[in-house]
>>> print(open('run14.txt').read())   # compact mmCIF, C-alpha atoms
# COMPACT_ATOMS: atom_id res chain seq x y z
CA MET A 25 -14.24 -18.13 -16.82
CA ASN A 26 -14.21 -20.16 -20.02
CA GLY A 27 -10.52 -20.73 -20.53
CA GLU A 28 -10.96 -22.00 -24.08
CA SER A 29 -12.21 -18.73 -25.49
CA ASN A 30 -12.12 -15.97 -22.87
CA LEU A 31 -9.63 -14.45 -20.48
CA ASP A 32 -10.36 -12.07 -17.63
CA ASN A 33 -8.93 -8.56 -17.99
CA ARG A 34 -5.81 -9.43 -16.00
CA LEU A 35 -4.78 -12.34 -18.21
CA ARG A 36 -5.96 -10.55 -21.35
CA LEU A 37 -3.55 -7.74 -20.57
CA CYS A 38 -0.76 -10.29 -20.17
CA ALA A 39 -1.76 -11.81 -23.52
CA GLU A 40 -1.55 -8.43 -25.23
CA TYR A 41 2.14 -8.23 -24.37
CA VAL A 42 3.01 -11.67 -25.79
CA ARG A 43 4.70 -11.29 -29.16
CA ARG A 44 3.01 -12.92 -32.14
CA GLY A 45 4.90 -16.02 -33.26
CA SER A 46 6.85 -16.33 -30.02
CA ARG A 47 7.17 -19.45 -27.87
CA PRO A 48 5.68 -18.48 -24.51
CA ALA A 49 6.17 -20.17 -21.16
CA ASP A 50 3.43 -19.50 -18.62
CA ILE A 51 4.91 -19.88 -15.14
CA GLY A 52 2.40 -20.69 -12.41
CA THR A 53 -0.16 -21.55 -15.07
CA ASP A 54 -2.91 -22.99 -12.86
CA HIS A 55 -5.68 -23.75 -15.42
CA ALA A 56 -3.51 -23.08 -18.51
CA TYR A 57 -6.06 -20.50 -19.68
CA LEU A 58 -3.43 -18.15 -21.10
CA PRO A 59 -1.48 -20.71 -23.21
CA VAL A 60 -4.75 -22.12 -24.55
CA TRP A 61 -5.98 -18.66 -25.54
CA LEU A 62 -2.68 -17.77 -27.23
CA CYS A 63 -2.61 -20.97 -29.28
CA ARG A 64 -6.33 -21.03 -30.15
CA ASN A 65 -6.20 -17.45 -31.38
CA GLY A 66 -3.13 -17.99 -33.53
CA VAL A 67 -0.86 -15.71 -31.54
CA CYS A 68 1.64 -18.48 -30.79
CA PRO A 69 2.28 -21.82 -32.52
CA SER A 70 3.03 -23.62 -29.25
CA ALA A 71 3.48 -22.97 -25.55
CA ILE A 72 4.70 -24.39 -22.25
CA ALA A 73 2.36 -24.31 -19.26
CA ALA A 74 4.39 -24.78 -16.07
CA ASP A 75 3.57 -25.00 -12.39
CA ILE A 76 5.39 -26.07 -9.24
CA ASN A 77 2.52 -28.30 -8.07
CA PRO A 78 0.88 -31.31 -9.76
CA GLU A 79 -2.71 -30.26 -8.97
CA PRO A 80 -2.70 -27.04 -11.04
CA LEU A 81 -1.06 -28.98 -13.87
CA SER A 82 -3.91 -31.48 -13.75
CA ARG A 83 -6.41 -28.65 -14.09
CA GLY A 84 -4.35 -27.20 -16.90
CA ARG A 85 -4.17 -30.53 -18.68
CA LEU A 86 -7.96 -30.76 -18.66
CA THR A 87 -8.21 -27.26 -20.18
CA VAL A 88 -5.69 -28.20 -22.88
CA GLU A 89 -7.43 -31.47 -23.68
CA ASN A 90 -10.85 -29.82 -23.88
CA ALA A 91 -9.40 -27.28 -26.30
CA LYS A 92 -7.86 -30.10 -28.38
CA LEU A 93 -4.43 -28.51 -28.11
CA THR A 94 -2.48 -31.42 -26.60
CA GLY A 95 -0.02 -31.34 -29.47
CA LYS A 96 0.70 -27.65 -29.09
CA ILE A 97 0.83 -27.04 -25.33
CA GLU A 98 3.19 -28.94 -23.08
CA LEU A 99 2.36 -29.20 -19.38
CA ARG A 100 5.49 -29.22 -17.26
CA LEU A 101 6.20 -29.55 -13.54
CA SER A 102 8.69 -26.81 -12.78
CA ASP A 103 9.83 -24.74 -9.81
CA GLY A 104 9.81 -21.36 -11.52
CA LEU A 105 11.94 -21.62 -14.65
CA SER A 106 14.16 -24.42 -13.36
CA ALA A 107 12.77 -27.08 -15.75
CA ILE A 108 12.71 -24.82 -18.81
CA SER A 109 15.79 -24.29 -20.97
CA ALA A 110 16.79 -21.11 -22.79
CA ASP A 111 16.06 -22.51 -26.24
CA GLU A 112 12.47 -23.46 -25.35
CA ALA A 113 10.89 -20.07 -24.61
CA ASP A 114 11.08 -16.51 -25.96
CA ASP A 115 8.33 -14.83 -23.95
CA ILE A 116 8.01 -15.70 -20.28
CA VAL A 117 4.79 -14.87 -18.45
CA ILE A 118 4.91 -14.84 -14.64
CA ALA A 119 1.51 -13.79 -13.35
CA GLY A 120 -0.55 -14.08 -10.19
CA MET A 121 2.34 -14.12 -7.70
CA GLY A 122 3.85 -11.64 -5.28
CA GLY A 123 6.48 -9.27 -6.65
CA GLU A 124 9.21 -10.66 -4.39
CA LEU A 125 8.55 -14.22 -5.60
CA ILE A 126 8.60 -13.11 -9.24
CA ALA A 127 11.98 -11.44 -8.64
CA LYS A 128 13.27 -14.62 -7.01
CA ILE A 129 12.16 -16.73 -9.98
CA ILE A 130 13.96 -14.44 -12.42
CA GLU A 131 17.10 -14.30 -10.26
CA SER A 132 17.19 -18.10 -10.00
CA CYS A 133 17.14 -18.56 -13.78
CA ASN A 134 20.63 -18.69 -15.28
CA TRP A 135 19.45 -17.56 -18.73
CA ALA A 136 17.04 -14.78 -17.71
CA LYS A 137 19.61 -12.03 -18.19
CA SER A 138 19.59 -12.25 -21.96
CA PRO A 139 18.43 -9.37 -24.20
CA ASP A 140 16.44 -11.69 -26.48
CA LYS A 141 14.15 -12.82 -23.67
CA HIS A 142 10.91 -10.96 -23.02
CA PHE A 143 9.24 -11.09 -19.61
CA ILE A 144 5.58 -10.29 -18.99
CA LEU A 145 5.16 -9.83 -15.25
CA GLN A 146 1.96 -9.41 -13.25
CA PRO A 147 2.64 -9.00 -9.52
CA MET A 148 -0.33 -9.46 -7.20
CA THR A 149 1.48 -7.69 -4.35
CA LYS A 150 4.75 -5.83 -3.74
CA SER A 151 5.12 -4.47 -7.27
CA GLU A 152 7.58 -1.96 -5.81
CA ALA A 153 9.88 -4.81 -4.68
CA LEU A 154 9.79 -6.27 -8.19
CA ILE A 155 10.52 -2.94 -9.88
CA CYS A 156 13.37 -2.32 -7.43
CA TYR A 157 14.85 -5.70 -8.38
CA LEU A 158 14.47 -5.00 -12.09
CA CYS A 159 16.18 -1.61 -11.85
CA GLN A 160 19.06 -2.94 -9.77
CA ASN A 161 19.61 -5.92 -12.08
CA SER A 162 19.67 -4.13 -15.43
CA PHE A 163 16.15 -4.90 -16.65
CA LYS A 164 14.16 -2.20 -18.45
CA ILE A 165 10.42 -1.75 -18.18
CA GLU A 166 9.55 -1.22 -21.83
CA SER A 167 5.86 -0.76 -21.09
CA GLN A 168 3.49 -0.95 -18.13
CA GLU A 169 -0.30 -0.99 -18.06
CA CYS A 170 -3.11 -1.46 -15.57
CA CYS A 171 -6.52 -3.08 -15.71
CA GLU A 172 -9.47 -3.85 -13.48
CA ALA A 173 -10.68 -7.42 -12.91
CA GLY A 174 -13.03 -8.75 -10.27
CA GLY A 175 -13.29 -5.36 -8.61
CA LYS A 176 -9.51 -5.05 -8.16
CA CYS A 177 -6.82 -3.15 -10.02
CA TYR A 178 -3.73 -4.91 -11.39
CA THR A 179 -0.58 -3.91 -13.22
CA VAL A 180 1.37 -5.77 -15.92
CA LEU A 181 4.95 -5.01 -16.97
CA SER A 182 6.69 -5.78 -20.27
CA VAL A 183 10.37 -6.20 -19.43
CA TYR A 184 13.70 -6.86 -21.17
CA TYR A 185 17.27 -7.27 -19.92
CA THR A 186 19.53 -4.48 -21.19
CA GLY A 187 22.72 -4.96 -19.18
CA GLU A 188 22.51 -1.34 -18.05
CA LYS A 189 21.59 -0.71 -14.43
CA ALA A 190 18.86 1.92 -14.15
CA ALA A 191 19.37 4.84 -11.79
CA ALA A 192 16.00 5.28 -10.08
CA ASP A 193 14.93 6.63 -6.76
CA GLU A 194 12.47 4.91 -4.47
CA LEU A 195 9.45 6.73 -5.88
CA TYR A 196 10.00 5.05 -9.26
CA TYR A 197 9.66 1.65 -7.62
CA TYR A 198 6.02 2.59 -7.00
CA THR A 199 5.26 4.55 -10.17
CA GLY A 200 7.15 2.51 -12.74
CA GLU A 201 6.04 3.60 -16.21
CA LEU A 202 2.52 4.56 -15.15
CA HIS A 203 0.95 7.91 -16.03
CA PRO A 204 -1.81 8.70 -13.51
CA LEU A 205 -2.44 12.21 -14.83
CA GLU A 206 -3.37 10.76 -18.22
CA ASN A 207 -4.97 7.43 -17.31
CA GLU A 208 -7.71 6.84 -14.73
CA THR A 209 -6.84 3.16 -14.25
CA HIS A 210 -3.22 4.06 -13.55
CA LEU A 211 -4.48 6.58 -11.00
CA ARG A 212 -6.67 3.99 -9.31
CA TYR A 213 -3.79 1.53 -9.09
CA LEU A 214 -1.44 4.10 -7.56
CA SER A 215 -4.16 5.27 -5.17
CA GLY A 216 -4.06 1.77 -3.71
CA SER A 217 -0.29 2.13 -3.27
CA ILE A 218 -0.79 5.44 -1.47
CA ALA A 219 -3.30 3.85 0.92
CA ARG A 220 -0.86 1.04 1.74
CA LEU A 221 1.96 3.51 2.33
CA ARG A 222 -0.23 5.47 4.73
CA LYS A 223 -0.77 2.31 6.76
CA GLN A 224 2.96 1.53 6.75
CA ALA A 225 3.66 5.08 7.89
CA LEU A 226 2.00 4.29 11.20
CA GLY A 227 5.04 2.17 12.00
CA GLU A 228 7.74 3.97 10.01
CA ALA A 229 7.59 7.67 9.16
CA ARG A 230 9.52 7.45 5.89
CA PHE A 231 6.57 5.72 4.24
CA GLY A 232 4.50 8.80 4.95
CA VAL A 233 7.03 10.89 3.03
CA LEU A 234 6.80 8.44 0.14
CA ALA A 235 3.01 8.63 0.23
CA ASP A 236 3.20 12.44 0.05
CA ARG A 237 5.52 12.23 -2.98
CA LEU A 238 3.30 9.68 -4.68
CA GLU A 239 0.23 11.84 -4.09
CA GLU A 240 2.03 14.78 -5.68
CA PHE A 241 3.00 12.56 -8.65
CA CYS A 242 -0.69 11.64 -9.03
CA GLY A 243 -1.77 15.27 -8.92
CA LYS A 244 -3.27 14.98 -5.46
CA GLY A 245 -0.69 17.03 -3.63
>>> encode(input="run14.txt", output="structure tokens")
Amino acid sequence: MNGESNLDNRLRLCAEYVRRGSRPADIGTDHAYLPVWLCRNGVCPSAIAADINPEPLSRGRLTVENAKLTGKIELRLSDGLSAISADEADDIVIAGMGGELIAKIIESCNWAKSPDKHFILQPMTKSEALICYLCQNSFKIESQECCEAGGKCYTVLSVYYTGEKAAADELYYYTGELHPLENETHLRYLSGSIARLRKQALGEARFGVLADRLEEFCGKG
């Protein structure tokens, strides 16, 4: 992938949720493809590209230098959001991690629960654990979409803190704001969740009940 000009579908979907003119922080940036794309295309005037390890930051620095954006994108060593202050970022992208780790990063940030912050979240696994955390900690999923990249299906959530705890049952942790009866990509994503629940049901029957409910939600029941 040419990080200077192109993003794969997964990162492009994340980019679509970043607000024009915002100051994004890309957590777990790896090659800094997303911040470079946002700045080169005039979506954002500047950005922070953060990672917990020095090696991904080195790769990111090379991408930034090749794009001649050293003055606009700051590379920062950070464990989650620990090295980023509230006045430095408006839109926070956390992509390419497990849902439980994303929830932990948000929970560990003392300024995350602020209505003026916008989170763009792309869990690689355990999206249901992330949505459960969001509901129980007064975050609202404003929008959710799915895409296909590299033969796999991914979901991205646009999230804000509201201060109002959402009342949701366990099925919602799997469905979120997806609409499988109207969107084939949503259906494909949730079909993967059904398959995983069927496997879990071999060890615990309640997952089979959840799989049945999710199939009905998807119009398969």
>>> residues_around(input="run14.txt", residues="His203 of chain A", least_positions_apart="6", cutoff="9 Å", atoms="all atoms listed in the file", output="list in words")
His210, Leu211, Phe241 and Cys242 of chain A
>>> residues_near_point(input="run14.txt", point="(-1.2, 8.7, -6.8)", cutoff="7 Å", atoms="all atoms listed in the file", output="MDAnalysis selection string")
chainID A and resid 204 211 214:215 218 238:244
>>> atom_distance(input="run14.txt", atom1="atom CA of Asn90 of chain A", atom2="atom CA of Ala73 of chain A")
15.0 Å
>>> axis_aligned_box(input="run14.txt", around="segment 98-106 of chain A", padding_each_side="6 Å", output="lines of an AutoDock Vina configuration file")
center_x = 8.3
center_y = -25.5
center_z = -16.4
size_x = 23.8
size_y = 20.2
size_z = 25.3
>>> residues_near_point(input="run14.txt", point="(22.0, -6.7, -9.6)", cutoff="12 Å", atoms="all atoms listed in the file", output="PyMOL selection string")
chain A and resi 127+130-131+137+156-163+185+187-190
>>> residues_around(input="run14.txt", residues="segment 140-142 of chain A", least_positions_apart="3", cutoff="12 Å", atoms="all atoms listed in the file", output="ChimeraX atom specification")
/A:41-43,46-49,109-118,130,133,135-137,145,163-167,181-187
>>> atom_distance(input="run14.txt", atom1="atom CA of Leu205 of chain A", atom2="atom CA of Val233 of chain A")
20.3 Å
>>> closest_residue(input="run14.txt", among="A:Lys96, A:Arg237, A:Arg83, A:Lys128", to="Tyr196 of chain A", atoms="all atoms listed in the file")
A:Arg237
>>> atom_distance(input="run14.txt", atom1="atom CA of Leu93 of chain A", atom2="atom CA of Val180 of chain A")
26.4 Å
>>> closest_residue(input="run14.txt", among="A:Leu37, A:Leu195, A:Ile155, A:Ile76", to="Thr53 of chain A", atoms="only C-alpha atoms")
A:Ile76
>>> closest_residue(input="run14.txt", among="A:Gly66, A:Arg85, A:Arg220, A:Arg34", to="Cys177 of chain A", atoms="only C-alpha atoms")
A:Arg34
>>> closest_residue(input="run14.txt", among="A:Ala71, A:Leu31, A:Leu226, A:Val88", to="Asp50 of chain A", atoms="only C-alpha atoms")
A:Ala71
>>> closest_residue(input="run14.txt", among="A:Asn134, A:His55, A:Ala192, A:Asp236", to="Ala107 of chain A", atoms="all atoms listed in the file")
A:Asn134
>>> residues_around(input="run14.txt", residues="Gly123 of chain A", least_positions_apart="6", cutoff="7 Å", atoms="all atoms listed in the file", output="short mmCIF file (atom, residue, chain, number, x, y, z; two decimals) with C-alpha atoms, in the frame of the given file")
data_model
loop_
_atom_site.label_atom_id
_atom_site.label_comp_id
_atom_site.auth_asym_id
_atom_site.auth_seq_id
_atom_site.Cartn_x
_atom_site.Cartn_y
_atom_site.Cartn_z
CA PRO A 147 2.64 -9.00 -9.52
CA MET A 148 -0.33 -9.46 -7.20
CA THR A 149 1.48 -7.69 -4.35
CA LYS A 150 4.75 -5.83 -3.74
CA SER A 151 5.12 -4.47 -7.27
CA ALA A 153 9.88 -4.81 -4.68
CA LEU A 154 9.79 -6.27 -8.19
#
